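Visitor: Have a look at this one before I ask anything.
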Amino acid sequence: AQSVAQPEDQVNVAEGNPLTVKCTYSVSGNPYLFWYVQYPNRGLQFLLKYITGDNLVKGSYGFEAEFNKSQTSFHLKKPSALVSDSALYFCAVRDDSSASKIIFGSGTRLSIRP
Amino acid sequence: NAGVTQTPKFRVLKTGQSMTLLCAQDMNHEYMYWYRQDPGMGLRLIHYSVGEGTTAKGEVPDGYNVSRLKKQNFLLGLESAAPSQTSVYFCASSYALNQPQHFGDGTRLSIL
């Protein structure tokens, strides 16, 4: 069975500082990993994905994520946070060993203070 | 460029009433999904479709039915609404199972 965990309900960062939003996963086969962002009263928007290849994935709005197979993690990062990055972030995973659907984490609220 | 459009955006129902939520996508995607979002629980898959005329159960299908008569539309029905179905409902579509999903802006449903 596949699962995904976002251990932090909320992350607070000062503007200009680096940010990290954590995600760990569990799958039987190889993982397909995604990050989405949700702004108030809107649907989720795709940020980036890892399917195979380079462990460092670059996405929209200056975000990147590092795939770590040994730690089964896919943490979202940004070198310098902006106030406009404040939103709800979701990690999602799919197991390639079956016809399983994507499972979403419970979400992490990112708050960037000026 | 509309993407995924959900109708209605808000609705209040009484217990026992029925209603249908409509999702339309203009990207010619094969896959469509219905999720519900509740505080602290992320998104949970209700039903999904891998193509016109097909539907399948997701994680929380009880109390809901779906239909995909046309490729661009995916309907979610509540036959007899219950307060536990108060939630925000999101529709999404994707080109393939491993491709990013495109989401609508949600339907906020309250069951009194």
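Chain labels A, B, ... are given in the sequence in which chains occur in the structure tokens; within each chain residues are numbered consecutively from 1, and ligands are likewise numbered from 1 in the order shown.
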Give me every strand (DSSP E or B) residue in chain A, going by DSSP on the backbone, as a PyMOL selection string.

Guide: chain A and resi 3-5+10-14+19-21+24-26+31-38+44-50+56-58+64-68+73-78+87-95+103-104+108-113

Visitor: Would you mind listing what lies within 8 Å of range 83-91 of chain B as a PyMOL selection string, with only C-alpha atoms counted and same-chain residues fewer than 3 positions away left out?

Guide: (chain A and resi 43) or (chain B and resi 4+6+15+23+32-38+103-112)

Visitor: Residues of chain B within 9 Å of chain A, counting only C-alpha atoms, what are they? List them as a PyMOL selection string.

Guide: chain B and resi 39-45+58+90-92+97-106

Visitor: Quick check, in Å to one decimal: how far apart do CA of Lys58 in chain A and CA of Ser26 in chain A lie?

Guide: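 For CA of Lys58 in chain A relative to CA of Ser26 in chain A, the distance reads 22.3 Å.
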
Visitor: Could you pull the residues within 12 Å of Ser73 in chain A, counting only C-alpha atoms, minus those fewer than 2 positions along the same chain, as JSON, numbers by chain?

Guide: {"A": [3, 4, 5, 6, 7, 21, 22, 23, 24, 25, 26, 27, 31, 32, 33, 34, 50, 55, 56, 65, 66, 67, 68, 69, 70, 71, 75, 76, 91, 92, 93]}

Visitor: Would you compute the distance between CA of Glu64 in chain A and CA of Asn30 in chain A? Give it in Å to one decimal.

Guide: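 CA of Asn30 in chain A lies at a distance of 20.1 Å from CA of Glu64 in chain A.
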
Visitor: Counting only C-alpha atoms, figure out which residue out of B:Ser49, B:Thr7, B:Gln72, B:Ser93 gets nearest to Met19 in chain B.

Guide: B:Thr7

Visitor: Of the candidates A:Arg109, A:Ser80, A:Phe74, A:Thr52, which shows the shortest atom-to-atom distance to Gly16 in chain A, using only C-alpha atoms?

Guide: A:Ser80

Visitor: Chain A: which residues are helix (DSSP H, G or I) by DSSP, as number ranges by chain?

Guide: A: 60-62, 83-85

Visitor: Store the residues of this selection in a file with N, CA, C and O atoms, as a PDB file, in the first residue's frame.

Guide:
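Saved the output as again36.pdb:
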```
ATOM      1  N   SER A  60       7.847  25.420 -10.750  1.00  0.00           N
ATOM      2  CA  SER A  60       7.336  26.779 -10.937  1.00  0.00           C
ATOM      3  C   SER A  60       7.682  27.665  -9.747  1.00  0.00           C
ATOM      4  O   SER A  60       7.904  27.183  -8.640  1.00  0.00           O
ATOM      5  N   TYR A  61       7.687  28.975  -9.982  1.00  0.00           N
ATOM      6  CA  TYR A  61       7.837  30.022  -8.958  1.00  0.00           C
ATOM      7  C   TYR A  61       9.130  29.886  -8.160  1.00  0.00           C
ATOM      8  O   TYR A  61       9.185  30.332  -7.007  1.00  0.00           O
ATOM      9  N   GLY A  62      10.171  29.279  -8.732  1.00  0.00           N
ATOM     10  CA  GLY A  62      11.451  29.163  -8.058  1.00  0.00           C
ATOM     11  C   GLY A  62      11.558  28.020  -7.069  1.00  0.00           C
ATOM     12  O   GLY A  62      12.564  27.897  -6.364  1.00  0.00           O
ATOM     13  N   VAL A  83       6.619  36.692   0.502  1.00  0.00           N
ATOM     14  CA  VAL A  83       5.337  36.724   1.195  1.00  0.00           C
ATOM     15  C   VAL A  83       4.253  36.051   0.356  1.00  0.00           C
ATOM     16  O   VAL A  83       3.369  35.359   0.879  1.00  0.00           O
ATOM     17  N   SER A  84       4.351  36.195  -0.947  1.00  0.00           N
ATOM     18  CA  SER A  84       3.358  35.617  -1.859  1.00  0.00           C
ATOM     19  C   SER A  84       3.429  34.083  -1.929  1.00  0.00           C
ATOM     20  O   SER A  84       2.548  33.453  -2.528  1.00  0.00           O
ATOM     21  N   ASP A  85       4.455  33.485  -1.328  1.00  0.00           N
ATOM     22  CA  ASP A  85       4.538  32.018  -1.263  1.00  0.00           C
ATOM     23  C   ASP A  85       3.617  31.450  -0.192  1.00  0.00           C
ATOM     24  O   ASP A  85       3.429  30.233  -0.105  1.00  0.00           O
TER      25      ASP A  85
END
```

Visitor: Write out as a VMD selection string each polymer residue whose atoms come within 8 Å of Pro61 in chain B, counting only C-alpha atoms; drop sequence neighbours fewer than 2 positions from it.

Guide: chain B and resid 45 to 47 57 to 59 63 to 65

Visitor: At a cut-off of 8 Å, using only C-alpha atoms, what residues contact Val50 in chain B? Leave out same-chain residues fewer than 5 positions from it and give the result as an NGL selection string.

Guide: :B and (30-32 or 55)

Visitor: Which residues, written as an MDAnalysis selection string, have at least one atom at most 10 Å from Pro114 in chain A, with only C-alpha atoms counted and residues fewer than 4 positions away on the same chain left out?

Guide: chainID A and resid 13:16 81:83
